[in-house]
Structure formats: C-alpha cells, structure tokens
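Structure data follow from query_1.pdb (PDB, C-alpha atoms):
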ATOM      1  CA  MET A 144      35.121  17.622 -40.315
ATOM      2  CA  ALA A 145      35.256  14.540 -38.078
ATOM      3  CA  SER A 146      34.891  11.081 -39.620
ATOM      4  CA  SER A 147      31.817   9.005 -38.833
ATOM      5  CA  GLU A 148      33.779   6.802 -36.372
ATOM      6  CA  ILE A 149      35.149   9.819 -34.492
ATOM      7  CA  ASP A 150      31.686  11.374 -34.484
ATOM      8  CA  LYS A 151      30.247   8.125 -33.139
ATOM      9  CA  LEU A 152      32.858   8.134 -30.341
ATOM     10  CA  ILE A 153      32.031  11.766 -29.465
ATOM     11  CA  ASN A 154      28.290  11.030 -29.452
ATOM     12  CA  THR A 155      28.788   7.989 -27.216
ATOM     13  CA  ILE A 156      30.935   9.936 -24.723
ATOM     14  CA  SER A 157      28.452  12.856 -24.713
ATOM     15  CA  LYS A 158      25.731  10.494 -23.429
ATOM     16  CA  LEU A 159      27.597  10.071 -20.132
ATOM     17  CA  PRO A 160      26.112  12.057 -17.202
ATOM     18  CA  GLY A 161      27.421  15.609 -16.874
ATOM     19  CA  LEU A 162      29.117  15.693 -20.270
ATOM     20  CA  GLY A 163      28.060  17.856 -23.201
ATOM     21  CA  ARG A 164      29.253  17.747 -26.797
ATOM     22  CA  ARG A 165      32.259  20.045 -26.182
ATOM     23  CA  SER A 166      33.539  18.011 -23.228
ATOM     24  CA  ALA A 167      32.979  14.819 -25.203
ATOM     25  CA  GLN A 168      35.059  16.218 -28.091
ATOM     26  CA  ARG A 169      37.953  17.080 -25.739
ATOM     27  CA  ILE A 170      37.859  13.607 -24.163
ATOM     28  CA  ALA A 171      37.641  11.857 -27.554
ATOM     29  CA  LEU A 172      40.611  13.840 -28.919
ATOM     30  CA  TYR A 173      42.658  13.167 -25.799
ATOM     31  CA  LEU A 174      41.965   9.423 -26.000
ATOM     32  CA  LEU A 175      42.754   9.257 -29.709
ATOM     33  CA  LYS A 176      45.997  11.213 -29.313
ATOM     34  CA  ASN A 177      47.064   8.954 -26.412
ATOM     35  CA  LYS A 178      45.968   5.526 -27.612
ATOM     36  CA  ASN A 179      48.585   3.446 -25.787
ATOM     37  CA  ARG A 180      48.590   5.424 -22.551
ATOM     38  CA  SER A 181      44.861   6.168 -22.200
ATOM     39  CA  LEU A 182      42.567   4.676 -24.855
ATOM     40  CA  MET A 183      43.700   1.033 -24.748
ATOM     41  CA  PRO A 184      43.840   0.811 -20.915
ATOM     42  CA  LEU A 185      40.325   2.348 -20.811
ATOM     43  CA  VAL A 186      39.032  -0.144 -23.404
ATOM     44  CA  ASN A 187      40.554  -3.044 -21.438
ATOM     45  CA  THR A 188      39.152  -1.771 -18.135
ATOM     46  CA  LEU A 189      35.661  -1.327 -19.628
ATOM     47  CA  ASN A 190      35.741  -4.839 -21.132
ATOM     48  CA  GLU A 191      36.857  -6.294 -17.807
ATOM     49  CA  ALA A 192      34.172  -4.374 -15.907
ATOM     50  CA  ASN A 193      31.548  -5.536 -18.392
ATOM     51  CA  SER A 194      32.507  -9.193 -17.989
ATOM     52  CA  LYS A 195      33.160  -9.298 -14.227
ATOM     53  CA  ILE A 196      30.882  -6.757 -12.513
ATOM     54  CA  ILE A 197      27.335  -8.027 -11.945
ATOM     55  CA  GLU A 198      24.182  -6.871 -10.181
ATOM     56  CA  CYS A 199      23.313  -8.420  -6.828
ATOM     57  CA  GLU A 200      20.072 -10.399  -7.093
ATOM     58  CA  ASN A 201      19.142  -9.447  -3.504
ATOM     59  CA  CYS A 202      19.793  -5.739  -3.092
ATOM     60  CA  GLY A 203      20.643  -4.372  -6.559
ATOM     61  CA  ASN A 204      24.196  -3.328  -5.656
ATOM     62  CA  ILE A 205      27.007  -4.106  -8.110
ATOM     63  CA  ASP A 206      29.915  -6.369  -7.239
ATOM     64  CA  MET A 207      32.010  -9.213  -8.625
ATOM     65  CA  ILE A 208      30.001 -11.802  -6.655
ATOM     66  CA  ASN A 209      26.284 -12.521  -6.446
ATOM     67  CA  PRO A 210      24.891 -12.069  -3.795
ATOM     68  CA  CYS A 211      27.201  -9.106  -3.191
ATOM     69  CA  SER A 212      29.765  -8.851  -0.390
ATOM     70  CA  LEU A 213      27.423  -6.623   1.670
ATOM     71  CA  CYS A 214      24.554  -9.133   1.559
ATOM     72  CA  GLU A 215      26.961 -12.006   2.324
ATOM     73  CA  ASN A 216      28.589 -10.236   5.296
ATOM     74  CA  VAL A 217      27.504 -12.165   8.416
ATOM     75  CA  LYS A 218      28.340  -9.167  10.642
ATOM     76  CA  ARG A 219      25.604  -7.033   9.096
ATOM     77  CA  ASP A 220      22.153  -6.801  10.738
ATOM     78  CA  LYS A 221      19.835  -8.602   8.314
ATOM     79  CA  GLN A 222      16.709  -7.342  10.108
ATOM     80  CA  ILE A 223      17.251  -3.702   9.065
ATOM     81  CA  ILE A 224      16.935  -2.766   5.394
ATOM     82  CA  CYS A 225      17.893   0.705   4.171
ATOM     83  CA  VAL A 226      16.053   1.581   0.942
ATOM     84  CA  VAL A 227      17.921   3.901  -1.440
ATOM     85  CA  GLU A 228      17.143   5.213  -4.911
ATOM     86  CA  ASP A 229      20.471   4.501  -6.543
ATOM     87  CA  ILE A 230      23.746   2.614  -6.051
ATOM     88  CA  SER A 231      25.541   5.963  -5.612
ATOM     89  CA  ASP A 232      23.392   6.572  -2.485
ATOM     90  CA  LEU A 233      24.376   3.137  -1.131
ATOM     91  CA  TRP A 234      28.052   3.975  -1.736
ATOM     92  CA  THR A 235      27.592   7.270   0.129
ATOM     93  CA  PHE A 236      26.283   5.466   3.242
ATOM     94  CA  GLU A 237      29.001   2.820   3.012
ATOM     95  CA  HIS A 238      31.718   5.463   2.690
ATOM     96  CA  ILE A 239      30.522   7.110   5.914
ATOM     97  CA  GLY A 240      30.335   3.686   7.566
ATOM     98  CA  PHE A 241      27.734   4.146  10.338
ATOM     99  CA  PHE A 242      25.039   1.837   8.912
ATOM    100  CA  ARG A 243      25.496  -1.887   9.562
ATOM    101  CA  GLY A 244      22.291  -3.335   8.110
ATOM    102  CA  LEU A 245      21.367  -4.363   4.564
ATOM    103  CA  TYR A 246      20.440  -2.192   1.576
ATOM    104  CA  HIS A 247      17.802  -2.262  -1.122
ATOM    105  CA  VAL A 248      18.338  -0.267  -4.333
ATOM    106  CA  LEU A 249      15.052   0.866  -5.920
ATOM    107  CA  GLY A 250      16.566   1.907  -9.238
ATOM    108  CA  GLY A 251      15.151   5.452  -9.083
ATOM    109  CA  SER A 252      11.979   7.101  -7.836
ATOM    110  CA  LEU A 253       8.430   7.260  -9.162
ATOM    111  CA  SER A 254       8.142   9.880 -11.890
ATOM    112  CA  VAL A 255       5.271  10.308 -14.338
ATOM    113  CA  MET A 256       7.348  12.755 -16.420
ATOM    114  CA  ASN A 257      10.206  10.264 -16.817
ATOM    115  CA  GLY A 258       7.910   7.286 -17.302
ATOM    116  CA  ILE A 259       9.059   5.551 -14.104
ATOM    117  CA  GLY A 260       6.237   3.617 -12.482
ATOM    118  CA  MET A 261       5.973   0.728 -10.017
ATOM    119  CA  ASP A 262       7.122  -1.807 -12.630
ATOM    120  CA  GLU A 263      10.383   0.077 -13.250
ATOM    121  CA  LEU A 264      11.329   0.034  -9.547
ATOM    122  CA  THR A 265      12.100  -2.902  -7.247
ATOM    123  CA  ILE A 266       9.305  -2.209  -4.732
ATOM    124  CA  ASN A 267       7.714  -5.679  -5.103
ATOM    125  CA  LYS A 268      11.146  -7.270  -4.659
ATOM    126  CA  LEU A 269      11.511  -5.253  -1.439
ATOM    127  CA  THR A 270       8.306  -6.734   0.031
ATOM    128  CA  GLN A 271       9.557 -10.242  -0.823
ATOM    129  CA  ARG A 272      12.878  -9.521   0.906
ATOM    130  CA  ILE A 273      11.117  -8.246   4.036
ATOM    131  CA  LYS A 274       9.280 -11.575   4.322
ATOM    132  CA  LYS A 275      12.395 -13.623   3.568
ATOM    133  CA  GLU A 276      14.759 -11.713   5.888
ATOM    134  CA  GLU A 277      12.029 -11.273   8.550
ATOM    135  CA  ALA A 278      13.028  -7.615   8.700
ATOM    136  CA  LYS A 279      12.118  -5.575  11.762
ATOM    137  CA  GLU A 280      12.829  -2.116  10.295
ATOM    138  CA  VAL A 281      12.848  -0.544   6.849
ATOM    139  CA  ILE A 282      14.595   2.821   6.574
ATOM    140  CA  LEU A 283      13.460   4.943   3.627
ATOM    141  CA  ALA A 284      16.616   6.884   2.748
ATOM    142  CA  LEU A 285      15.212   8.551  -0.358
ATOM    143  CA  SER A 286      15.807  12.056  -1.667
ATOM    144  CA  THR A 287      13.532  14.803  -0.376
ATOM    145  CA  THR A 288      12.496  15.745  -3.916
ATOM    146  CA  LEU A 289       8.792  15.531  -4.795
ATOM    147  CA  GLU A 290       9.447  12.209  -6.553
ATOM    148  CA  GLY A 291      11.410  10.862  -3.587
ATOM    149  CA  GLN A 292       8.679  11.867  -1.118
ATOM    150  CA  THR A 293       5.968  10.329  -3.323
ATOM    151  CA  THR A 294       7.951   7.097  -3.585
ATOM    152  CA  SER A 295       8.407   7.012   0.219
ATOM    153  CA  HIS A 296       4.637   7.356   0.765
ATOM    154  CA  VAL A 297       3.837   4.643  -1.778
ATOM    155  CA  ILE A 298       6.323   2.238  -0.160
ATOM    156  CA  ALA A 299       5.055   3.064   3.344
ATOM    157  CA  ASP A 300       1.486   2.282   2.194
ATOM    158  CA  LYS A 301       2.595  -1.035   0.688
ATOM    159  CA  LEU A 302       4.345  -2.031   3.923
ATOM    160  CA  GLU A 303       1.437  -1.180   6.237
ATOM    161  CA  HIS A 304       0.229  -4.784   6.428
ATOM    162  CA  PHE A 305       3.517  -6.084   7.895
ATOM    163  CA  LYS A 306       2.634  -6.379  11.594
ATOM    164  CA  ASN A 307       6.082  -6.444  13.241
ATOM    165  CA  LEU A 308       7.760  -3.993  10.877
ATOM    166  CA  THR A 309       8.749  -0.421  11.707
ATOM    167  CA  VAL A 310       9.046   1.918   8.709
ATOM    168  CA  THR A 311      11.223   4.987   9.246
ATOM    169  CA  ARG A 312      12.628   7.706   7.021
ATOM    170  CA  LEU A 313      15.561  10.084   7.257
ATOM    171  CA  ALA A 314      14.687  13.053   9.440
ATOM    172  CA  GLN A 315      16.277  16.403  10.357
ATOM    173  CA  GLY A 316      19.114  17.830   8.380
ATOM    174  CA  ILE A 317      17.989  16.778   4.909
ATOM    175  CA  PRO A 318      16.847  19.898   3.040
ATOM    176  CA  ILE A 319      13.687  19.831   0.914
ATOM    177  CA  GLY A 320      14.748  19.183  -2.661
ATOM    178  CA  GLY A 321      18.091  17.701  -1.531
ATOM    179  CA  GLU A 322      19.515  14.496  -2.979
ATOM    180  CA  VAL A 323      21.205  12.013  -0.638
ATOM    181  CA  GLN A 324      24.445  11.653  -2.604
ATOM    182  CA  PHE A 325      25.180  15.423  -2.422
ATOM    183  CA  ILE A 326      24.619  15.917   1.328
ATOM    184  CA  ASP A 327      27.607  16.302   3.672
ATOM    185  CA  GLU A 328      28.497  13.453   6.033
ATOM    186  CA  ASN A 329      27.589  15.173   9.324
ATOM    187  CA  THR A 330      24.152  16.240   8.084
ATOM    188  CA  LEU A 331      23.521  12.770   6.679
ATOM    189  CA  ASN A 332      24.608  11.093   9.925
ATOM    190  CA  MET A 333      22.349  13.376  11.987
ATOM    191  CA  ALA A 334      19.402  12.683   9.684
ATOM    192  CA  PHE A 335      20.073   8.960   9.883
ATOM    193  CA  GLN A 336      20.240   8.910  13.703
ATOM    194  CA  SER A 337      17.073  11.064  13.977
ATOM    195  CA  ARG A 338      14.870   9.046  11.626
ATOM    196  CA  LYS A 339      11.162   8.966  12.501
ATOM    197  CA  LYS A 340       8.508   6.296  12.272
ATOM    198  CA  ILE A 341       6.031   6.496   9.375
ATOM    199  CA  VAL A 342       4.054   3.271   9.836
TER     200      VAL A 342
END
This entry written out as structure tokens:
Amino acid sequence: MASSEIDKLINTISKLPGLGRRSAQRIALYLLKNKNRSLMPLVNTLNEANSKIIECENCGNIDMINPCSLCENVKRDKQIICVVEDISDLWTFEHIGFFRGLYHVLGGSLSVMNGIGMDELTINKLTQRIKKEEAKEVILALSTTLEGQTTSHVIADKLEHFKNLTVTRLAQGIPIGGEVQFIDENTLNMAFQSRKKIV
C-alpha cells in the first residue's frame, strides 16, 4: 500500500494529459528510485520554469520575456494576425516556419459542454489588438471540429465591422474533425496558402 505522499505524487502525475493511473505509478516509482539522476533535476527544472516562463500580454504565447520574442521581432509582419486555439498550434506553425506575421492564442474554443464561453477566450483582446496593430488580415487557424468551426464563425461575426480587414481561414487539406497540431506539415502548408476569405 502506497503512503499518502506517494499516492499524492501519483495522483498529481496522473492529471497530466495522456497519462492514466498506471502510467503515473510507473513514472512516480522511476522518479523515486532515481532521485539524484531524475527527480531532483526535474524539481529544479519545474521550479525554474515556474519562476522564469511567463505569458505574453499581447498574444498569449509563453516566453521568458513579455512581450514575447515573436511579438518583439521587427521582421515579422504586424498587419497579419494568425488566430490559434492553443500555444501548441502556434509552436506547430513556428516549427514549419512559413508564417511571418503575428499570432493570437485564444486559449481554446467555444464549448457549452466544457463550460468555455466568450469570457474564457481572448476574443475581446483580439479585437483590441486589431485596432492597435491596424491589422489588415486575420487568419483563423482553428481546428475543424464543431467547436473550432463555431468559434471561427463567432469571431468572423465580431470582426465584420472592421472596414479594411480581411478575415480568412485555413482551406483545403484540413480534414473535418482534424486538429491543427496533429496535421502533417505539407497538408498544413497547403491549407495555409489556400486560405479563403470569410468576411
């Protein structure tokens, strides 16, 4: 029978995405058996990450500076904003390297079942950024799930009143029900280049 502290460690690890109780037990045992080689370096790294990594006040990315290095990069086109659901989607686009504008992380997509409404997302912050940056195009690079599509339509409606703004979304290549972070690079690039105007 595991002690309460070991059980607490297992429960904490099991809350990480993609890990169940069994995987959490294996990880906890490994860390406890290898305290100097694995547990302590992990603890130190987590403490350092907690104290140094912050959220960008502009786009919602995470970095060690605020605004983040992407927002501060003078070579990026500040008149194009790519809207993504999550930081992992932003990282996917950056890894491929074909987009040279700015990003805006929504923090998810609208979902009645998960209790995510307008107040939980950064849609209002997006409209403020469009005014401030005098953006010419907003690219909606959201997942093609029902929630992602709904969120795209809501954002497009909110941006209708911006006169000199083109609103586009990712086009061909993205399968219905697909999530951006799991799509291969060539398909994603094709979808990005073939985006279509909504508003």
* If you apply the PyMOL selection byres ((chain A and resi 306) around 12) to this file, what residues do you get, as a list in words? ->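 Listing what the PyMOL selection byres ((chain A and resi 306) around 12) selects in the shown file: Ile273, Lys274, Glu277, Ala278, Lys279, Glu280, Leu302, Glu303, His304, Phe305, Asn307, Leu308, Thr309, Val310 and Val342 of chain A.
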* **Matched chain/residue IDs from the PyMOL selection byres ((chain A and resi 293) around 12), as a ChimeraX atom specification** => /A:251-255,260-261,283,285-292,294-300
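Straight-line separation from CA of Val227 (chain A) to CA of Leu249 (chain A): 6.1 Å.
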* Asked: Which residue out of A:Asp220, A:Ile266, A:Phe236, A:Glu228 has the minimum interatomic distance to Glu322 (chain A) when all atoms listed in the file are used?
  ->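 When distances to Glu322 (chain A) are compared using all atoms listed in the file, the smallest one comes from A:Glu228.
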* List the residues sitting within 12 Å of (23.9, 11.8, 14.3) in the file's frame, using all atoms listed in the file, as a PyMOL selection string. => chain A and resi 239+241-242+313-316+328-338
Shell around region 204-213 of chain A at 8 Å using all atoms listed in the file, local window under 2 positions removed, as a PDB file with C-alpha atoms, in the frame of the given file:
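Printed below is part_6.pdb as written:
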ATOM      1  CA  LYS A 195      33.160  -9.298 -14.227  1.00  0.00           C
ATOM      2  CA  ILE A 196      30.882  -6.757 -12.513  1.00  0.00           C
ATOM      3  CA  ILE A 197      27.335  -8.027 -11.945  1.00  0.00           C
ATOM      4  CA  GLU A 198      24.182  -6.871 -10.181  1.00  0.00           C
ATOM      5  CA  CYS A 199      23.313  -8.420  -6.828  1.00  0.00           C
ATOM      6  CA  GLU A 200      20.072 -10.399  -7.093  1.00  0.00           C
ATOM      7  CA  ASN A 201      19.142  -9.447  -3.504  1.00  0.00           C
ATOM      8  CA  CYS A 202      19.793  -5.739  -3.092  1.00  0.00           C
ATOM      9  CA  GLU A 215      26.961 -12.006   2.324  1.00  0.00           C
ATOM     10  CA  ASN A 216      28.589 -10.236   5.296  1.00  0.00           C
ATOM     11  CA  ARG A 219      25.604  -7.033   9.096  1.00  0.00           C
ATOM     12  CA  ILE A 230      23.746   2.614  -6.051  1.00  0.00           C
ATOM     13  CA  LEU A 233      24.376   3.137  -1.131  1.00  0.00           C
ATOM     14  CA  LEU A 245      21.367  -4.363   4.564  1.00  0.00           C
ATOM     15  CA  HIS A 247      17.802  -2.262  -1.122  1.00  0.00           C
ATOM     16  CA  VAL A 248      18.338  -0.267  -4.333  1.00  0.00           C
TER      17      VAL A 248
END
* Grab the CA of Thr270 (chain A) to CA of Ile224 (chain A) distance for me, in Å with one decimal place. => 10.9 Å
* Asked: Suppose you want the space between CA of Lys158 (chain A) and CA of Ala171 (chain A); what is it in Å?
  ->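 Straight-line distance from CA of Lys158 (chain A) to CA of Ala171 (chain A) works out to 12.7 Å.
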